[in-house]
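data_13.pdb, holding PDB, C-alpha atoms, pLDDT in the B column:
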```
MODEL        1
ATOM      1  CA  MET X1077       5.729 -45.695  50.054  1.00 50.00           C
ATOM      2  CA  SER X1078       7.147 -46.626  46.664  1.00 75.00           C
ATOM      3  CA  GLU X1079       9.614 -44.459  44.771  1.00 91.00           C
ATOM      4  CA  PHE X1080       7.994 -41.892  42.461  1.00 91.00           C
ATOM      5  CA  ASP X1081       8.298 -42.903  38.805  1.00 92.00           C
ATOM      6  CA  SER X1082       8.849 -39.590  36.994  1.00 90.00           C
ATOM      7  CA  ARG X1083       8.957 -41.250  33.541  1.00 90.00           C
ATOM      8  CA  ALA X1084       5.578 -42.925  34.104  1.00 93.00           C
ATOM      9  CA  TYR X1085       4.187 -39.625  35.406  1.00 90.00           C
ATOM     10  CA  ARG X1086       5.454 -37.780  32.320  1.00 87.00           C
ATOM     11  CA  ASP X1087       3.962 -40.451  30.050  1.00 89.00           C
ATOM     12  CA  THR X1088       0.609 -40.204  31.843  1.00 91.00           C
ATOM     13  CA  MET X1089       0.549 -36.403  31.578  1.00 85.00           C
ATOM     14  CA  GLY X1090       1.425 -36.729  27.894  1.00 87.00           C
ATOM     15  CA  HIS X1091      -2.065 -38.103  27.297  1.00 86.00           C
ATOM     16  CA  PHE X1092      -3.369 -34.555  27.616  1.00 87.00           C
ATOM     17  CA  ALA X1093      -3.036 -32.812  24.236  1.00 91.00           C
ATOM     18  CA  THR X1094      -1.726 -29.255  24.338  1.00 92.00           C
ATOM     19  CA  GLY X1095      -1.161 -26.537  21.830  1.00 94.00           C
ATOM     20  CA  VAL X1096       2.335 -25.251  21.115  1.00 96.00           C
ATOM     21  CA  VAL X1097       3.364 -21.618  21.488  1.00 97.00           C
ATOM     22  CA  ILE X1098       6.553 -19.648  21.161  1.00 97.00           C
ATOM     23  CA  ILE X1099       7.239 -17.285  24.041  1.00 97.00           C
ATOM     24  CA  ALA X1100       9.367 -14.507  22.575  1.00 97.00           C
ATOM     25  CA  ALA X1101      10.885 -11.129  23.358  1.00 97.00           C
ATOM     26  CA  CYS X1102      13.153  -8.612  21.694  1.00 95.00           C
ATOM     27  CA  GLU X1103      16.649  -7.933  23.014  1.00 93.00           C
ATOM     28  CA  GLY X1104      17.219  -4.710  21.135  1.00 89.00           C
ATOM     29  CA  ASP X1105      16.735  -5.784  17.530  1.00 88.00           C
ATOM     30  CA  ASP X1106      17.410  -9.466  18.264  1.00 92.00           C
ATOM     31  CA  LEU X1107      14.792 -12.152  18.768  1.00 95.00           C
ATOM     32  CA  VAL X1108      14.915 -14.545  21.729  1.00 95.00           C
ATOM     33  CA  GLY X1109      12.339 -17.259  22.327  1.00 96.00           C
ATOM     34  CA  LEU X1110      11.408 -20.712  23.474  1.00 96.00           C
ATOM     35  CA  ALA X1111       8.821 -23.330  22.554  1.00 96.00           C
ATOM     36  CA  ALA X1112       6.268 -24.145  25.245  1.00 95.00           C
ATOM     37  CA  GLN X1113       3.202 -26.275  25.821  1.00 92.00           C
ATOM     38  CA  SER X1114       2.401 -24.866  29.240  1.00 92.00           C
ATOM     39  CA  PHE X1115       0.356 -21.806  28.319  1.00 96.00           C
ATOM     40  CA  VAL X1116      -3.072 -20.923  29.656  1.00 96.00           C
ATOM     41  CA  SER X1117      -5.523 -18.066  29.845  1.00 96.00           C
ATOM     42  CA  LEU X1118      -5.520 -17.350  33.562  1.00 96.00           C
ATOM     43  CA  SER X1119      -7.943 -14.466  34.177  1.00 97.00           C
ATOM     44  CA  LEU X1120     -10.349 -12.222  32.287  1.00 96.00           C
ATOM     45  CA  ASP X1121     -10.444  -9.437  34.888  1.00 97.00           C
ATOM     46  CA  PRO X1122      -7.694  -8.417  34.840  1.00 97.00           C
ATOM     47  CA  PRO X1123      -6.649 -10.156  31.611  1.00 98.00           C
ATOM     48  CA  LEU X1124      -3.808 -12.516  32.546  1.00 98.00           C
ATOM     49  CA  ILE X1125      -2.053 -15.503  31.003  1.00 98.00           C
ATOM     50  CA  ALA X1126       0.394 -17.974  32.524  1.00 98.00           C
ATOM     51  CA  VAL X1127       3.371 -19.774  31.025  1.00 97.00           C
ATOM     52  CA  CYS X1128       5.661 -22.225  32.779  1.00 96.00           C
ATOM     53  CA  PRO X1129       9.256 -22.216  31.547  1.00 96.00           C
ATOM     54  CA  ALA X1130      11.678 -24.765  32.958  1.00 94.00           C
ATOM     55  CA  LYS X1131      14.166 -23.449  35.484  1.00 95.00           C
ATOM     56  CA  THR X1132      16.899 -24.833  33.220  1.00 94.00           C
ATOM     57  CA  SER X1133      15.784 -22.582  30.342  1.00 94.00           C
ATOM     58  CA  THR X1134      18.518 -20.265  29.111  1.00 94.00           C
ATOM     59  CA  SER X1135      16.000 -18.217  27.093  1.00 95.00           C
ATOM     60  CA  TRP X1136      13.511 -17.417  29.864  1.00 96.00           C
ATOM     61  CA  PRO X1137      15.919 -15.213  31.893  1.00 96.00           C
ATOM     62  CA  ARG X1138      16.605 -13.208  28.727  1.00 95.00           C
ATOM     63  CA  ILE X1139      12.874 -12.888  28.004  1.00 96.00           C
ATOM     64  CA  ARG X1140      12.114 -11.984  31.633  1.00 96.00           C
ATOM     65  CA  SER X1141      14.672  -9.169  31.575  1.00 96.00           C
ATOM     66  CA  GLN X1142      12.752  -7.408  28.775  1.00 95.00           C
ATOM     67  CA  SER X1143       9.526  -7.136  30.866  1.00 89.00           C
ATOM     68  CA  THR X1144       7.310  -7.500  27.766  1.00 97.00           C
ATOM     69  CA  PHE X1145       6.952 -10.695  25.772  1.00 98.00           C
ATOM     70  CA  GLY X1146       4.711 -12.289  23.209  1.00 97.00           C
ATOM     71  CA  ILE X1147       2.896 -15.557  22.859  1.00 98.00           C
ATOM     72  CA  ASN X1148       2.758 -16.786  19.266  1.00 98.00           C
ATOM     73  CA  VAL X1149       0.273 -19.658  18.857  1.00 98.00           C
ATOM     74  CA  LEU X1150       1.578 -22.054  16.212  1.00 97.00           C
ATOM     75  CA  ALA X1151      -0.509 -23.545  13.413  1.00 96.00           C
ATOM     76  CA  ALA X1152      -0.466 -27.235  12.473  1.00 96.00           C
ATOM     77  CA  ASP X1153       1.918 -26.500   9.577  1.00 95.00           C
ATOM     78  CA  GLN X1154       4.552 -24.846  11.829  1.00 96.00           C
ATOM     79  CA  GLN X1155       6.236 -27.859  13.435  1.00 95.00           C
ATOM     80  CA  SER X1156       9.634 -26.707  12.123  1.00 95.00           C
ATOM     81  CA  VAL X1157       9.224 -23.426  14.032  1.00 95.00           C
ATOM     82  CA  SER X1158       8.554 -25.333  17.245  1.00 95.00           C
ATOM     83  CA  ASP X1159      11.482 -27.683  16.619  1.00 94.00           C
ATOM     84  CA  ALA X1160      13.900 -24.777  16.138  1.00 94.00           C
ATOM     85  CA  PHE X1161      12.813 -22.890  19.272  1.00 92.00           C
ATOM     86  CA  ALA X1162      12.872 -26.132  21.299  1.00 91.00           C
ATOM     87  CA  GLN X1163      16.649 -26.353  20.832  1.00 88.00           C
ATOM     88  CA  LYS X1164      18.790 -24.507  23.342  1.00 85.00           C
ATOM     89  CA  GLY X1165      19.943 -21.162  21.961  1.00 79.00           C
ATOM     90  CA  GLN X1166      18.180 -21.603  18.605  1.00 80.00           C
ATOM     91  CA  ILE X1167      15.548 -19.524  16.844  1.00 84.00           C
ATOM     92  CA  ALA X1168      13.495 -20.381  13.788  1.00 83.00           C
ATOM     93  CA  ASP X1169      13.898 -18.712  10.438  1.00 86.00           C
ATOM     94  CA  ILE X1170      10.503 -17.003  10.529  1.00 91.00           C
ATOM     95  CA  GLY X1171       9.394 -13.550   9.561  1.00 93.00           C
ATOM     96  CA  TRP X1172       8.467 -11.281  12.439  1.00 96.00           C
ATOM     97  CA  ARG X1173       7.969  -7.649  13.326  1.00 95.00           C
ATOM     98  CA  LYS X1174       8.158  -5.685  16.547  1.00 96.00           C
ATOM     99  CA  SER X1175       4.748  -4.491  17.782  1.00 96.00           C
ATOM    100  CA  ALA X1176       4.049  -1.050  19.267  1.00 96.00           C
ATOM    101  CA  ASN X1177       4.554  -2.722  22.683  1.00 96.00           C
ATOM    102  CA  GLY X1178       8.015  -3.938  21.614  1.00 95.00           C
ATOM    103  CA  VAL X1179       6.874  -7.564  21.350  1.00 96.00           C
ATOM    104  CA  PRO X1180       7.802  -9.917  18.483  1.00 96.00           C
ATOM    105  CA  ILE X1181       4.794 -10.818  16.332  1.00 96.00           C
ATOM    106  CA  PHE X1182       5.479 -13.799  14.073  1.00 96.00           C
ATOM    107  CA  GLU X1183       4.145 -14.122  10.540  1.00 93.00           C
ATOM    108  CA  ASP X1184       1.532 -16.768   9.800  1.00 93.00           C
ATOM    109  CA  VAL X1185       0.780 -17.850  13.378  1.00 97.00           C
ATOM    110  CA  ILE X1186      -2.791 -18.558  14.467  1.00 97.00           C
ATOM    111  CA  ALA X1187      -2.916 -15.936  17.200  1.00 98.00           C
ATOM    112  CA  THR X1188      -0.734 -13.583  19.221  1.00 98.00           C
ATOM    113  CA  VAL X1189      -0.917 -12.301  22.773  1.00 98.00           C
ATOM    114  CA  GLU X1190       1.274  -9.420  23.928  1.00 98.00           C
ATOM    115  CA  CYS X1191       2.094  -9.338  27.644  1.00 98.00           C
ATOM    116  CA  GLU X1192       3.917  -7.518  30.380  1.00 98.00           C
ATOM    117  CA  LEU X1193       5.430  -9.700  33.102  1.00 98.00           C
ATOM    118  CA  ASP X1194       3.198  -9.369  36.177  1.00 98.00           C
ATOM    119  CA  ALA X1195       4.491 -12.023  38.596  1.00 97.00           C
ATOM    120  CA  GLU X1196       6.589 -15.155  38.902  1.00 97.00           C
ATOM    121  CA  HIS X1197       6.077 -18.092  41.247  1.00 97.00           C
ATOM    122  CA  GLN X1198       8.480 -20.960  41.827  1.00 96.00           C
ATOM    123  CA  ALA X1199       6.928 -24.369  41.239  1.00 96.00           C
ATOM    124  CA  GLY X1200       9.234 -27.375  41.411  1.00 94.00           C
ATOM    125  CA  ASP X1201      11.495 -27.513  38.365  1.00 94.00           C
ATOM    126  CA  HIS X1202       9.509 -24.794  36.563  1.00 95.00           C
ATOM    127  CA  THR X1203       8.569 -21.161  37.042  1.00 97.00           C
ATOM    128  CA  ILE X1204       4.967 -20.003  36.731  1.00 98.00           C
ATOM    129  CA  ALA X1205       5.167 -16.662  34.931  1.00 98.00           C
ATOM    130  CA  VAL X1206       2.040 -14.520  34.891  1.00 98.00           C
ATOM    131  CA  GLY X1207       1.660 -12.016  32.083  1.00 98.00           C
ATOM    132  CA  ARG X1208      -0.731  -9.069  32.012  1.00 98.00           C
ATOM    133  CA  VAL X1209      -2.283  -8.947  28.542  1.00 98.00           C
ATOM    134  CA  LEU X1210      -1.553  -5.729  26.649  1.00 98.00           C
ATOM    135  CA  ASP X1211      -2.940  -6.707  23.238  1.00 98.00           C
ATOM    136  CA  PHE X1212      -4.053  -9.794  21.300  1.00 98.00           C
ATOM    137  CA  ALA X1213      -5.189 -10.832  17.830  1.00 97.00           C
ATOM    138  CA  VAL X1214      -6.397 -13.813  15.838  1.00 97.00           C
ATOM    139  CA  ARG X1215      -4.302 -13.968  12.672  1.00 96.00           C
ATOM    140  CA  ARG X1216      -5.377 -17.196  10.927  1.00 94.00           C
ATOM    141  CA  PRO X1217      -9.005 -17.796  11.917  1.00 94.00           C
ATOM    142  CA  GLY X1218     -10.198 -21.312  11.251  1.00 93.00           C
ATOM    143  CA  ASP X1219      -6.719 -22.862  10.979  1.00 96.00           C
ATOM    144  CA  ARG X1220      -5.820 -25.878  13.090  1.00 95.00           C
ATOM    145  CA  PRO X1221      -3.285 -25.506  15.917  1.00 96.00           C
ATOM    146  CA  LEU X1222      -0.048 -27.427  16.265  1.00 97.00           C
ATOM    147  CA  LEU X1223      -0.755 -30.047  18.924  1.00 96.00           C
ATOM    148  CA  PHE X1224       1.638 -31.971  21.135  1.00 94.00           C
ATOM    149  CA  TYR X1225       0.440 -35.365  22.388  1.00 92.00           C
ATOM    150  CA  ARG X1226       2.218 -38.360  23.927  1.00 91.00           C
ATOM    151  CA  GLY X1227       5.681 -37.005  23.172  1.00 88.00           C
ATOM    152  CA  GLY X1228       5.034 -36.010  19.564  1.00 90.00           C
ATOM    153  CA  TYR X1229       3.095 -33.666  17.311  1.00 91.00           C
ATOM    154  CA  GLY X1230      -0.510 -34.269  16.337  1.00 84.00           C
ATOM    155  CA  ILE X1231      -2.925 -36.796  17.723  1.00 70.00           C
TER     156      ILE X1231
ENDMDL
END
```
As a first step, turn the structure in this file into structure tokens.
Amino acid sequence: MSEFDSRAYRDTMGHFATGVVIIAACEGDDLVGLAAQSFVSLSLDPPLIAVCPAKTSTSWPRIRSQSTFGINVLAADQQSVSDAFAQKGQIADIGWRKSANGVPIFEDVIATVECELDAEHQAGDHTIAVGRVLDFAVRRPGDRPLLFYRGGYGI
């Protein structure tokens, strides 16, 4: 058996376009978050989503400890927001408010999903985090999402 080529695997998987979201929570009055491509609607009954933060993430343990978190779906014109949250320990300069569920809702995103952490499963170098949906909204209907494809934005 030949040695597994992780770079070639990553390049192959990069041919699948994904949207970009910011997973975020509030630590008191402070915002903590991370950019992610691995987000999916998991179940309608009960309503569940899944996100897959890397085990090396320094933000995910902080988000996890809050028990509630938000998914902010970025629009095509929000690459700078993604870039900021993709850097370790950084957050974007973006307006936001805390929802009734204590979840950060960003201004001008396409959609938001508010969640309570339901379960976590270990999966290689990532964690599969399952969130029970508490609330959701479309905020910019008709706008195009920020896409990530073959290691860059857009297609």
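For the pair atom CA of Tyr1229 of chain X and atom CA of Val1097 of chain X, the interatomic distance is 12.8 Å.
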Next on the checklist: With the PyMOL selection byres ((chain X and resi 1106-1120) around 10) as the selection, what would be picked from this file? Answer as a ChimeraX atom specification, please.
Outcome noted: /X:1093-1105,1121-1130,1133-1136,1138-1139,1145-1150,1157-1168,1172-1174,1179-1180,1204-1209,1223-1224
Could you write out as lines of an AutoDock Vina configuration file the box around segment 1115-1122 of chain X (axis-aligned, all atoms listed in the file, 4 Å on each side), with centre and edge lengths in Å to one decimal?
```
center_x = -5.0
center_y = -15.1
center_z = 31.6
size_x = 18.8
size_y = 21.4
size_z = 14.6
```
Checklist entry - So what do you get for atom CA of Ala1199 of chain X versus atom CA of Gly1090 of chain X, distance-wise? => result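 Going from atom CA of Ala1199 of chain X over to atom CA of Gly1090 of chain X covers 19.0 Å.
Using only C-alpha atoms, the shortest contact distance between Phe1182 of chain X and any of X:Arg1220, X:Arg1215, X:Arg1086, X:His1202 is found at X:Arg1215.
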Next on the checklist: Please report the interatomic distance between atom CA of Phe1212 of chain X and atom CA of Ala1187 of chain X in Å with one decimal.
Outcome noted: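 We find that atom CA of Phe1212 of chain X and atom CA of Ala1187 of chain X lie 7.5 Å from each other.
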Next on the checklist: If we draw a sphere of 7 Å around (7.8, -12.3, 36.9), which residues have at least one atom in it when counting all atoms listed in the file? Please report them as a ChimeraX atom specification.
Outcome noted: /X:1140,1193-1196,1205-1206
Please, could you write that set of residues out with C-alpha atoms as a PDB file, in the frame of the given file?
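Below you can see out-v5.pdb, which holds the result:
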```pdb
ATOM      1  CA  ARG X1140      12.114 -11.984  31.633  1.00 96.00           C
ATOM      2  CA  LEU X1193       5.430  -9.700  33.102  1.00 98.00           C
ATOM      3  CA  ASP X1194       3.198  -9.369  36.177  1.00 98.00           C
ATOM      4  CA  ALA X1195       4.491 -12.023  38.596  1.00 97.00           C
ATOM      5  CA  GLU X1196       6.589 -15.155  38.902  1.00 97.00           C
ATOM      6  CA  ALA X1205       5.167 -16.662  34.931  1.00 98.00           C
ATOM      7  CA  VAL X1206       2.040 -14.520  34.891  1.00 98.00           C
TER       8      VAL X1206
END
```
Item to check | Residues matched by the PyMOL selection byres ((chain X and resi 1210) around 6), written as a ChimeraX atom specification | outcome: /X:1190-1191,1209,1211
Item to check | From X:Asp1184, X:Ala1152, X:Gly1218, X:Thr1144, residue lying nearest Gly1230 of chain X [only C-alpha atoms] | outcome: X:Ala1152
